[in-house]
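Next up, run-v9.txt (compact mmCIF, C-alpha atoms):
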```txt
# COMPACT_ATOMS: atom_id res chain seq x y z
CA MET A 1 3.43 25.37 -2.89
CA THR A 2 6.35 27.67 -2.13
CA SER A 3 8.29 27.74 1.08
CA THR A 4 11.54 28.77 2.65
CA VAL A 5 12.65 25.20 3.16
CA PRO A 6 16.25 24.69 4.28
CA ALA A 7 18.13 22.65 1.73
CA PRO A 8 19.11 19.99 1.89
CA LEU A 9 16.77 18.42 4.39
CA HIS A 10 17.42 14.95 5.72
CA VAL A 11 14.20 13.08 5.01
CA LEU A 12 13.63 9.79 6.82
CA LEU A 13 11.11 7.56 5.07
CA LEU A 14 9.88 4.56 7.08
CA THR A 15 7.81 1.70 5.74
CA ILE A 16 6.94 -1.84 6.79
CA GLY A 17 5.70 -4.52 4.42
CA SER A 18 6.20 -6.10 1.01
CA SER A 19 7.29 -4.67 -2.35
CA GLY A 20 3.90 -3.00 -2.70
CA ASP A 21 4.62 -1.06 0.50
CA VAL A 22 8.26 -0.28 -0.31
CA HIS A 23 8.00 0.75 -3.98
CA PRO A 24 6.01 3.95 -3.31
CA PHE A 25 8.57 5.08 -0.74
CA VAL A 26 11.43 4.42 -3.15
CA GLY A 27 9.66 6.55 -5.75
CA LEU A 28 8.97 9.27 -3.18
CA GLY A 29 12.57 9.16 -2.04
CA GLN A 30 13.75 9.69 -5.60
CA ALA A 31 11.40 12.67 -5.97
CA LEU A 32 12.88 14.20 -2.81
CA LEU A 33 16.39 13.42 -4.03
CA ARG A 34 15.68 15.29 -7.27
CA ARG A 35 14.63 18.27 -5.16
CA GLY A 36 18.05 18.37 -3.52
CA HIS A 37 17.41 16.56 -0.25
CA ARG A 38 19.21 13.76 1.51
CA VAL A 39 16.95 10.72 1.82
CA THR A 40 17.25 7.64 4.02
CA LEU A 41 14.75 4.83 3.55
CA VAL A 42 14.26 2.83 6.74
CA THR A 43 12.74 -0.58 6.04
CA GLY A 44 13.43 -4.31 6.01
CA GLY A 45 16.87 -5.59 5.08
CA TYR A 46 15.31 -7.65 2.28
CA PHE A 47 14.93 -4.44 0.25
CA GLU A 48 18.40 -2.99 0.78
CA PRO A 49 19.65 -3.83 -2.76
CA LEU A 50 16.65 -2.09 -4.34
CA VAL A 51 16.92 0.98 -2.12
CA ARG A 52 20.62 1.46 -2.82
CA ALA A 53 20.21 0.78 -6.56
CA ALA A 54 17.58 3.54 -6.61
CA GLY A 55 20.16 6.00 -5.25
CA LEU A 56 18.83 6.31 -1.70
CA GLU A 57 20.54 5.77 1.63
CA PHE A 58 19.36 2.72 3.56
CA ALA A 59 18.84 1.93 7.23
CA GLU A 60 17.68 -1.48 8.38
CA LEU A 61 14.51 -1.60 10.45
CA PHE A 62 14.41 -5.40 10.66
CA PRO A 63 16.52 -8.20 9.13
CA ALA A 64 15.68 -9.90 5.85
CA GLU A 65 15.06 -13.23 7.57
CA ASP A 66 12.20 -11.69 9.60
CA TYR A 67 10.49 -10.64 6.37
CA VAL A 68 10.93 -14.11 4.86
CA ARG A 69 9.54 -15.66 8.05
CA MET A 70 6.39 -13.57 7.71
CA LEU A 71 5.96 -14.60 4.06
CA ASN A 72 5.98 -18.23 5.10
CA ASP A 73 3.11 -17.81 7.58
CA PRO A 74 -0.15 -18.83 5.83
CA ASP A 75 -2.27 -16.86 8.31
CA ILE A 76 -0.98 -13.62 6.76
CA TRP A 77 -3.47 -14.09 3.90
CA HIS A 78 -6.51 -15.10 5.94
CA SER A 79 -9.37 -12.56 5.87
CA PHE A 80 -9.63 -12.43 9.68
CA ARG A 81 -6.40 -13.94 11.03
CA GLY A 82 -4.26 -12.00 8.54
CA PRO A 83 -4.68 -8.50 10.02
CA ALA A 84 -4.15 -9.87 13.53
CA LYS A 85 -0.97 -11.64 12.43
CA VAL A 86 0.35 -8.44 10.83
CA MET A 87 -0.28 -6.58 14.10
CA GLN A 88 1.54 -9.26 16.08
CA LEU A 89 4.53 -9.67 13.76
CA GLY A 90 4.75 -6.47 11.75
CA ILE A 91 3.47 -3.62 13.90
CA ALA A 92 3.95 -4.16 17.64
CA PRO A 93 7.61 -5.32 17.45
CA MET A 94 8.51 -2.40 15.15
CA ILE A 95 7.39 0.41 17.47
CA ARG A 96 10.62 0.55 19.49
CA ARG A 97 12.78 -0.13 16.44
CA ALA A 98 11.23 2.70 14.41
CA TYR A 99 11.59 5.13 17.30
CA ALA A 100 15.21 4.11 17.85
CA LYS A 101 16.13 4.55 14.17
CA ILE A 102 14.53 7.98 14.01
CA ALA A 103 16.29 9.06 17.22
CA GLU A 104 19.60 7.73 15.85
CA LEU A 105 19.36 9.39 12.43
CA HIS A 106 17.67 12.60 13.47
CA GLU A 107 19.56 15.83 12.78
CA ALA A 108 18.07 18.67 14.80
CA GLY A 109 16.44 21.31 12.62
CA ARG A 110 17.08 19.41 9.39
CA THR A 111 15.12 16.17 9.68
CA ILE A 112 11.54 15.44 8.66
CA VAL A 113 9.86 12.05 8.68
CA GLY A 114 7.43 10.41 6.27
CA ALA A 115 6.11 7.18 7.77
CA SER A 116 3.81 4.49 6.43
CA THR A 117 0.55 3.55 8.11
CA LEU A 118 2.06 0.77 10.22
CA SER A 119 5.09 2.72 11.44
CA LEU A 120 3.55 3.71 14.77
CA GLY A 121 6.94 4.33 16.34
CA ALA A 122 7.30 7.39 14.11
CA LEU A 123 4.29 9.03 15.76
CA VAL A 124 5.74 8.28 19.19
CA ALA A 125 8.97 9.96 18.05
CA GLN A 126 7.03 12.95 16.82
CA GLU A 127 5.26 13.28 20.15
CA LYS A 128 8.36 12.80 22.31
CA LEU A 129 11.09 14.38 20.19
CA GLY A 130 9.08 17.00 18.29
CA ILE A 131 10.28 15.90 14.84
CA PRO A 132 8.03 17.12 11.97
CA THR A 133 6.29 13.98 10.73
CA ALA A 134 3.74 12.99 8.12
CA THR A 135 1.81 9.74 7.92
CA ILE A 136 1.64 8.34 4.39
CA HIS A 137 -1.27 6.02 3.58
CA LEU A 138 -1.15 3.90 0.44
CA GLN A 139 -4.76 2.70 0.77
CA PRO A 140 -7.98 4.58 1.48
CA VAL A 141 -9.11 1.73 3.73
CA MET A 142 -6.88 3.19 6.45
CA ILE A 143 -9.00 6.35 6.77
CA ARG A 144 -12.16 5.60 8.69
CA SER A 145 -15.46 7.25 7.90
CA LEU A 146 -18.94 6.90 9.33
CA ALA A 147 -20.41 8.64 6.29
CA LYS A 148 -18.92 6.24 3.77
CA PRO A 149 -16.88 3.50 5.50
CA PRO A 150 -14.36 1.46 3.53
CA LYS A 151 -15.10 -2.21 3.00
CA LEU A 152 -13.49 -4.45 5.62
CA ALA A 153 -13.77 -8.21 6.02
CA GLY A 154 -16.37 -9.04 8.65
CA MET A 155 -17.74 -5.49 8.83
CA ALA A 156 -21.19 -4.43 7.61
CA THR A 157 -20.86 -1.18 5.63
CA ALA A 158 -24.14 -0.88 3.71
CA ALA A 159 -25.17 2.71 2.95
CA TRP A 160 -28.48 2.33 4.80
CA LEU A 161 -26.85 1.39 8.12
CA PRO A 162 -27.07 4.03 10.86
CA ARG A 163 -23.78 5.72 11.70
CA SER A 164 -24.12 4.45 15.26
CA VAL A 165 -23.90 0.87 13.95
CA ILE A 166 -20.74 1.68 11.97
CA ALA A 167 -19.22 3.40 15.01
CA ALA A 168 -20.06 0.43 17.23
CA GLN A 169 -18.27 -1.94 14.84
CA TYR A 170 -15.15 0.22 14.87
CA TRP A 171 -15.30 0.38 18.68
CA LEU A 172 -15.56 -3.40 18.98
CA ALA A 173 -12.66 -3.94 16.56
CA ASP A 174 -10.53 -1.50 18.52
CA ARG A 175 -11.29 -2.76 22.00
CA LEU A 176 -11.47 -6.50 21.30
CA VAL A 177 -8.71 -6.91 18.70
CA ILE A 178 -6.49 -3.97 17.79
CA ASP A 179 -5.83 -2.50 21.23
CA ARG A 180 -5.24 -5.96 22.70
CA LEU A 181 -2.62 -6.80 20.09
CA ILE A 182 -0.82 -3.46 19.83
CA GLY A 183 -1.70 -1.64 23.04
CA PRO A 184 0.45 -3.58 25.53
CA GLU A 185 3.69 -3.07 23.62
CA LEU A 186 2.87 0.50 22.62
CA ASN A 187 1.83 1.61 26.09
CA ALA A 188 4.72 -0.14 27.82
CA PHE A 189 7.10 1.82 25.61
CA ARG A 190 5.18 5.05 26.13
CA ARG A 191 5.46 4.61 29.91
CA GLU A 192 9.22 4.26 29.57
CA LEU A 193 9.27 7.57 27.70
CA GLY A 194 7.05 9.30 30.25
CA LEU A 195 4.05 9.47 27.89
CA PRO A 196 0.47 8.67 28.89
CA PRO A 197 -1.23 5.44 27.77
CA VAL A 198 -3.52 5.45 24.75
CA THR A 199 -6.43 3.49 23.32
CA ARG A 200 -8.12 3.07 19.94
CA VAL A 201 -4.83 3.30 18.06
CA PHE A 202 -6.36 2.63 14.65
CA GLY A 203 -8.85 5.50 14.89
CA ASP A 204 -7.90 9.10 14.05
CA ARG A 205 -4.70 8.50 16.01
CA LEU A 206 -3.34 6.60 13.03
CA HIS A 207 -2.84 9.92 11.21
CA ALA A 208 -0.04 12.36 12.01
CA PRO A 209 -1.71 15.61 13.12
CA GLN A 210 0.57 17.92 11.15
CA LEU A 211 0.09 16.17 7.80
CA THR A 212 -1.34 12.92 6.49
CA ILE A 213 -0.82 12.10 2.81
CA GLY A 214 -2.94 9.66 0.84
CA LEU A 215 -1.11 8.29 -2.21
CA PHE A 216 -4.30 7.80 -4.22
CA PRO A 217 -6.52 10.19 -6.20
CA ASP A 218 -9.77 11.74 -5.01
CA TRP A 219 -11.76 10.17 -7.86
CA PHE A 220 -10.72 6.74 -6.57
CA ALA A 221 -11.52 7.52 -2.94
CA PRO A 222 -13.56 10.74 -2.62
CA PRO A 223 -12.68 12.54 0.65
CA GLN A 224 -15.44 12.44 3.23
CA ALA A 225 -16.56 15.24 5.53
CA ASP A 226 -15.51 13.25 8.59
CA TRP A 227 -11.98 12.55 7.38
CA PRO A 228 -9.25 14.21 9.49
CA PRO A 229 -8.73 17.75 8.15
CA GLN A 230 -4.96 17.34 7.70
CA VAL A 231 -5.40 14.64 5.01
CA ARG A 232 -4.13 15.56 1.53
CA LEU A 233 -4.39 13.28 -1.52
CA THR A 234 -1.74 13.34 -4.25
CA GLY A 235 -2.51 10.37 -6.54
CA PHE A 236 -1.11 6.89 -7.16
CA PRO A 237 2.71 6.67 -6.86
CA LEU A 238 3.18 4.28 -9.84
CA TYR A 239 6.78 3.33 -9.06
CA ASP A 240 7.78 -0.23 -10.05
CA GLU A 241 11.60 -0.57 -10.28
CA HIS A 242 11.55 0.20 -14.00
CA ASP A 243 14.69 2.34 -13.59
CA VAL A 244 16.72 -0.32 -11.76
CA THR A 245 15.37 -3.65 -13.07
CA PRO A 246 16.16 -4.25 -16.76
CA LEU A 247 13.64 -5.97 -18.99
CA ASP A 248 14.66 -9.58 -19.57
CA ALA A 249 15.24 -10.37 -23.24
CA ALA A 250 13.10 -13.50 -22.81
CA VAL A 251 10.15 -11.30 -21.84
CA THR A 252 10.56 -9.16 -24.94
CA GLU A 253 10.79 -12.25 -27.14
CA PHE A 254 7.66 -13.79 -25.65
CA LEU A 255 5.65 -10.59 -25.98
CA ALA A 256 6.67 -10.27 -29.64
CA ALA A 257 5.88 -13.89 -30.46
CA GLY A 258 2.08 -13.71 -30.42
CA THR A 259 -1.07 -11.99 -29.27
CA PRO A 260 -1.13 -9.87 -26.07
CA PRO A 261 -1.02 -12.24 -23.08
CA ILE A 262 -2.94 -12.12 -19.82
CA ALA A 263 -0.66 -11.40 -16.86
CA PHE A 264 -1.15 -13.12 -13.50
CA THR A 265 0.33 -12.28 -10.09
CA PRO A 266 -0.86 -13.10 -6.55
CA GLY A 267 1.46 -10.43 -5.17
CA SER A 268 5.18 -10.30 -4.46
CA ALA A 269 4.74 -11.54 -0.89
CA MET A 270 2.55 -14.55 -1.72
CA THR A 271 4.13 -17.95 -1.18
CA PHE A 272 0.90 -19.99 -1.06
CA GLY A 273 -0.39 -19.32 -4.57
CA GLN A 274 -0.62 -22.86 -5.94
CA GLU A 275 -4.39 -22.69 -6.52
CA PHE A 276 -4.11 -19.21 -8.02
CA PHE A 277 -1.58 -20.32 -10.63
CA ARG A 278 -3.39 -23.58 -11.32
CA ALA A 279 -6.53 -21.61 -12.14
CA ALA A 280 -4.49 -19.14 -14.21
CA VAL A 281 -3.10 -21.85 -16.46
CA ALA A 282 -6.50 -23.54 -16.80
CA ALA A 283 -8.15 -20.24 -17.74
CA CYS A 284 -5.55 -19.53 -20.42
CA GLU A 285 -6.10 -22.96 -21.94
CA GLN A 286 -9.89 -22.61 -21.90
CA LEU A 287 -9.72 -19.16 -23.49
CA GLY A 288 -7.01 -20.04 -25.98
CA ARG A 289 -4.98 -17.13 -24.63
CA ARG A 290 -1.30 -16.71 -23.87
CA GLY A 291 -0.30 -16.05 -20.29
CA ILE A 292 2.52 -14.67 -18.15
CA LEU A 293 2.88 -15.89 -14.56
CA LEU A 294 4.77 -13.52 -12.27
CA THR A 295 6.31 -14.70 -9.00
CA ARG A 296 9.69 -14.78 -7.29
CA HIS A 297 8.58 -18.01 -5.59
CA PRO A 298 8.40 -20.55 -8.47
CA GLU A 299 7.65 -23.46 -6.13
CA GLN A 300 4.02 -22.32 -6.33
CA LEU A 301 3.78 -23.03 -10.06
CA PRO A 302 2.45 -26.18 -11.72
CA LYS A 303 5.24 -28.66 -12.48
CA SER A 304 4.84 -28.11 -16.22
CA LEU A 305 3.44 -25.21 -18.21
CA PRO A 306 1.94 -25.22 -21.71
CA PRO A 307 4.12 -23.52 -24.34
CA THR A 308 1.72 -20.56 -24.47
CA VAL A 309 2.24 -19.77 -20.78
CA ARG A 310 5.55 -18.50 -19.41
CA HIS A 311 6.87 -17.75 -15.94
CA PHE A 312 9.03 -14.75 -15.07
CA ALA A 313 10.23 -13.76 -11.61
CA TYR A 314 9.54 -10.05 -11.96
CA VAL A 315 8.79 -7.60 -14.75
CA PRO A 316 8.19 -3.88 -14.08
CA PHE A 317 4.54 -3.26 -14.87
CA THR A 318 5.20 -0.05 -16.77
CA LYS A 319 7.20 -2.13 -19.24
CA LEU A 320 4.89 -5.16 -19.29
CA LEU A 321 1.27 -4.11 -18.98
CA PRO A 322 1.05 -1.95 -22.14
CA HIS A 323 1.62 -5.20 -24.05
CA CYS A 324 -0.99 -7.28 -22.17
CA ALA A 325 -4.70 -7.91 -22.63
CA ALA A 326 -5.68 -8.10 -18.94
CA LEU A 327 -4.24 -8.48 -15.43
CA VAL A 328 -5.34 -11.00 -12.80
CA HIS A 329 -4.06 -10.31 -9.30
CA HIS A 330 -4.62 -10.17 -5.54
CA GLY A 331 -5.94 -6.64 -5.20
CA GLY A 332 -2.86 -4.86 -3.89
CA MET A 333 -3.00 -1.11 -4.45
CA GLY A 334 0.27 -0.90 -6.34
CA THR A 335 -0.66 -3.67 -8.78
CA MET A 336 -4.18 -2.33 -9.25
CA SER A 337 -3.06 1.23 -9.93
CA GLN A 338 -0.52 0.10 -12.53
CA ALA A 339 -3.27 -1.78 -14.39
CA LEU A 340 -5.56 1.27 -14.17
CA ALA A 341 -2.81 3.40 -15.69
CA ALA A 342 -2.30 0.85 -18.47
CA GLY A 343 -6.03 0.76 -19.24
CA LEU A 344 -6.36 -2.98 -18.61
CA PRO A 345 -9.41 -4.91 -17.39
CA GLN A 346 -8.71 -6.69 -14.12
CA VAL A 347 -9.86 -9.76 -12.22
CA VAL A 348 -9.01 -9.64 -8.53
CA MET A 349 -8.90 -12.47 -5.99
CA PRO A 350 -9.12 -10.49 -2.72
CA MET A 351 -7.89 -12.33 0.35
CA ALA A 352 -7.27 -9.94 3.26
CA HIS A 353 -6.21 -6.49 4.47
CA ASP A 354 -7.14 -3.66 2.05
CA GLN A 355 -7.92 -5.95 -0.87
CA HIS A 356 -11.69 -6.21 -0.33
CA ASP A 357 -12.03 -2.43 -0.32
CA ASN A 358 -9.80 -2.02 -3.35
CA VAL A 359 -11.79 -4.46 -5.48
CA GLU A 360 -15.08 -2.79 -4.52
CA ARG A 361 -13.71 0.53 -5.80
CA LEU A 362 -12.43 -1.21 -8.93
CA GLU A 363 -15.86 -2.64 -9.66
CA LYS A 364 -17.51 0.76 -9.19
CA LEU A 365 -15.16 2.16 -11.84
CA GLY A 366 -16.42 -0.53 -14.23
CA VAL A 367 -12.94 -1.80 -15.12
CA GLY A 368 -12.88 -5.19 -13.42
CA ARG A 369 -14.46 -7.61 -11.01
CA GLY A 370 -13.63 -9.61 -7.94
CA LEU A 371 -13.55 -13.37 -7.66
CA PRO A 372 -13.17 -14.64 -4.09
CA PRO A 373 -10.70 -17.45 -3.36
CA ARG A 374 -13.41 -20.08 -2.88
CA LYS A 375 -14.66 -19.38 -6.43
CA PHE A 376 -11.26 -18.84 -8.03
CA THR A 377 -11.24 -21.82 -10.41
CA GLY A 378 -10.07 -22.09 -13.98
CA ARG A 379 -13.64 -22.24 -15.28
CA ARG A 380 -14.91 -19.23 -13.33
CA LEU A 381 -11.77 -17.22 -14.01
CA ALA A 382 -12.07 -17.91 -17.74
CA ALA A 383 -15.72 -16.82 -17.67
CA ALA A 384 -14.86 -13.58 -15.86
CA LEU A 385 -12.05 -12.77 -18.27
CA ARG A 386 -14.20 -13.61 -21.28
CA GLN A 387 -16.90 -11.20 -20.12
CA LEU A 388 -14.44 -8.37 -19.39
CA LEU A 389 -12.46 -8.76 -22.61
CA SER A 390 -15.58 -8.82 -24.80
CA SER A 391 -17.33 -5.84 -23.20
CA PRO A 392 -17.22 -2.49 -25.05
CA GLN A 393 -18.36 -0.78 -21.85
CA VAL A 394 -15.43 -2.19 -19.88
CA ALA A 395 -13.00 -1.18 -22.61
CA GLU A 396 -14.36 2.37 -22.59
CA SER A 397 -14.20 2.56 -18.80
CA CYS A 398 -10.58 1.36 -18.88
CA ARG A 399 -9.69 4.09 -21.40
CA THR A 400 -11.46 6.75 -19.33
CA VAL A 401 -9.62 5.79 -16.15
CA ALA A 402 -6.24 5.50 -17.89
CA ALA A 403 -6.68 9.03 -19.27
CA LYS A 404 -6.85 10.30 -15.69
CA LEU A 405 -3.45 8.82 -14.93
CA THR A 406 -1.33 10.38 -17.66
CA ASP A 407 -0.05 13.00 -15.21
CA ARG A 408 2.69 11.32 -13.17
CA SER A 409 3.35 14.20 -10.75
CA SER A 410 1.87 12.62 -7.63
CA LEU A 411 5.23 11.78 -6.03
CA ASP A 412 6.54 15.28 -6.69
CA ASP A 413 3.36 16.67 -5.12
CA ALA A 414 3.88 14.46 -2.06
CA ALA A 415 7.51 15.61 -1.84
CA LYS A 416 6.37 19.24 -1.81
CA LEU A 417 3.90 18.52 0.97
CA LEU A 418 6.66 16.94 3.04
CA GLU A 419 8.88 19.96 2.46
CA GLY A 420 6.13 22.10 3.96
CA LEU A 421 6.65 20.37 7.28
CA ALA A 422 10.12 21.87 7.55
CA SER A 423 8.88 25.44 7.14
CA GLY A 424 6.78 25.15 10.30
CA ARG A 425 3.66 26.40 8.52
CA GLY A 426 0.55 24.91 10.03
CA LEU A 427 2.36 23.77 13.17
CA SER A 428 0.96 24.84 16.51
CA PRO A 429 1.26 23.81 20.15
CA PRO A 430 -0.26 20.37 20.78
CA SER A 431 -3.28 21.71 22.71
CA GLU A 432 -4.13 24.18 19.95
CA ARG A 433 -3.61 21.57 17.24
CA ILE A 434 -5.87 19.10 19.03
CA ARG A 435 -8.61 21.71 19.41
CA THR A 436 -8.53 22.90 15.80
CA ALA A 437 -7.98 19.55 14.09
CA GLY A 438 -10.26 17.58 16.39
CA ILE A 439 -7.70 14.84 16.99
CA ASN A 440 -4.67 13.86 18.99
CA PRO A 441 -2.48 11.19 17.42
CA PHE A 442 -2.28 9.16 20.64
CA GLY A 443 -4.73 10.65 23.12
CA SER A 444 -7.11 8.43 25.05
CA THR A 445 -10.88 8.48 24.65
```
Please re-express this file's structure in structure tokens.
Amino acid sequence: MTSTVPAPLHVLLLTIGSSGDVHPFVGLGQALLRRGHRVTLVTGGYFEPLVRAAGLEFAELFPAEDYVRMLNDPDIWHSFRGPAKVMQLGIAPMIRRAYAKIAELHEAGRTIVGASTLSLGALVAQEKLGIPTATIHLQPVMIRSLAKPPKLAGMATAAWLPRSVIAAQYWLADRLVIDRLIGPELNAFRRELGLPPVTRVFGDRLHAPQLTIGLFPDWFAPPQADWPPQVRLTGFPLYDEHDVTPLDAAVTEFLAAGTPPIAFTPGSAMTFGQEFFRAAVAACEQLGRRGILLTRHPEQLPKSLPPTVRHFAYVPFTKLLPHCAALVHHGGMGTMSQALAAGLPQVVMPMAHDQHDNVERLEKLGVGRGLPPRKFTGRRLAAALRQLLSSPQVAESCRTVAAKLTDRSSLDDAAKLLEGLASGRGLSPPSERIRTAGINPFGST
């Protein structure tokens, strides 16, 4: 893609969430930085050290203590209460803050915005201030389809279901849950700005009409005919702090001291993983395998570990996983994609959010399997790992998928797409854009 893009642009990247949500934007910011642009990452204060170490400018969207408070809420990981809690704590309160930061940092004619799924204030800023903006989705679950709907907790998505049934389920979720939790704050703010009220915020209005980028490949989530036409897929971001977080010598020593271990992580944001780690240790002992437990919250770990199992706070996956036999995790997209790139079999304990959809796609690739929390015991985990590690078919599938991920240009491709926003190509008056694209980011239905 070539363009007459003014250089340098000032690119504002906004994201809300945990390390799995921030890492891709750090990697994207670095790609934009390499292309000569100024980049400011707007996110939680908890991640300021990482953002600055990666060479990017930082602007605080919310204080670190707010992020820690969310981590300590057990409802975050409940299949049904979790999404509602995220909407209450992580989406609605951020609408005004995101808008204010964009308005503050915006440089007329030089600024473009790349905003994560939950950064709804960025789309309000686009509508009110006319700033070129792209939505960036990390998970395919955020793009609805009646032809092939993603798997969501509590939603029936069987292939034989009529599309009207799928549509009715989306409508009920919007009207009874999503619009009730987000709509009041969003519409109150829109009234203050002189904008009309909206409904069904998590429908097509979740995608910026100029450009929506999916940071996952088309073989993982094949585009559907009823996806918004402005969606472009670039591939997994695969950024993991490897350039700013050195490999601990103790990790190197442990890896060199025996057979490839199994790595275990319930996710960087998990603080209620006692049962997960208890099962991990039991599975290692039953299999006679070495293990690495990864968490920055060691209070979740058993009081004592066998000598063949070690705990480390954090190890970049690109440095760790090539030396491991398998990965057991929560089903986050960043963790899953790193294991796919390393060619490892995976066992996933999906809890909430996008994790159920991710594990279904993983199973279809033939490289892993899911094990729900109620069945996540040492015995069942050991059995699942034994089956995966002994299967020639799984090993071949892992190699096939890993071969698809040798090209690491996805973040550069996303950076080029963002640059295209600045050229004005594809932009049109709102009425024309709505008619041709079939959507309005915040129009009512």
Could you pull the residues within 10 Å of segment 309-312 of chain A, counting all atoms listed in the file, minus those fewer than 6 positions along the same chain, as an MDAnalysis selection string? chainID A and resid 248 250:251 254 261:264 280:281 284:285 289:296 298 301
May I have the residues within 9 Å of Gly44 of chain A as an MDAnalysis selection string, using all atoms listed in the file and disregarding those fewer than 5 positions away in the same chain? chainID A and resid 15:18 59:64 66:67
Applying 9 Å and all atoms listed in the file, which residues near Leu388 of chain A remain after dropping the ones on its own chain fewer than 4 positions away? List them as JSON, numbers by chain. {"A": [326, 345, 346, 347, 367, 368, 369, 383, 384, 392, 393, 394, 395]}
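Every protein, DNA or RNA residue with an atom at most 12 Å from Ala168 of chain A, where all atoms listed in the file count and chain neighbours fewer than 5 positions away do not, is listed here: Leu146, Met155, Ala156, Thr157, Leu161, Pro162, Arg163, Ala173, Asp174, Arg175 and Leu176 of chain A.
Across A:Asp240, A:Pro222, A:Thr377, A:Glu360, the tightest approach to Phe277 of chain A is made by A:Thr377 when counting only C-alpha atoms.
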Please check which residues have atoms at most 9 Å from (-4.3, 15.6, 8.1) in the file's coordinates, counting all atoms listed in the file, and write them as a list in words. Ala134, Thr135, His207, Ala208, Pro209, Gln210, Leu211, Thr212, Ile213, Trp227, Pro228, Pro229, Gln230, Val231, Arg232 and Ala437 of chain A
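A straight line drawn from atom CA of Arg38 of chain A to atom CA of Arg96 of chain A is 23.9 Å long.
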List the neighbours of segment 117-133 of chain A out to 6 Å using all atoms listed in the file; skip same-chain residues closer than 2 positions along the sequence, and give me the result as a PyMOL selection string. chain A and resi 91+95+98-99+112-115+137+421
Option closest in space to Thr318 of chain A, from A:Asp21, A:Asp204, A:Asp243, A:Glu107 [counting only C-alpha atoms]: A:Asp243
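Closest approach to Leu405 of chain A among A:Ala279, A:Leu365, A:Ala341, A:Met336: A:Ala341, based on only C-alpha atoms.
Nearest residue to Cys398 of chain A, choosing from A:Met351, A:Val201, A:Ala188, A:Leu362 and counting all atoms listed in the file: A:Leu362.
Proximity to Trp219 of chain A was assessed for A:Thr111, A:Gln274, A:Thr400, A:Ser409 counting all atoms listed in the file; the smallest distance is recorded for A:Thr400.
Among A:Glu419, A:Gly20, A:Phe58, A:Pro49, the residue with the shortest atom-to-atom distance to Pro266 of chain A, counting all atoms listed in the file, is A:Gly20.
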Quick one: axis-aligned box around all listed atoms of segment 28-44 of chain A, 6 Å on every side, centre and edge lengths in Å to one decimal, written as AutoDock Vina command-line options.
```
--center_x 14.1 --center_y 7.0 --center_z -0.3 --size_x 22.2 --size_y 34.7 --size_z 26.0
```
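Distance-wise, atom CA of Thr245 of chain A and atom CA of Glu275 of chain A end up 28.2 Å apart.
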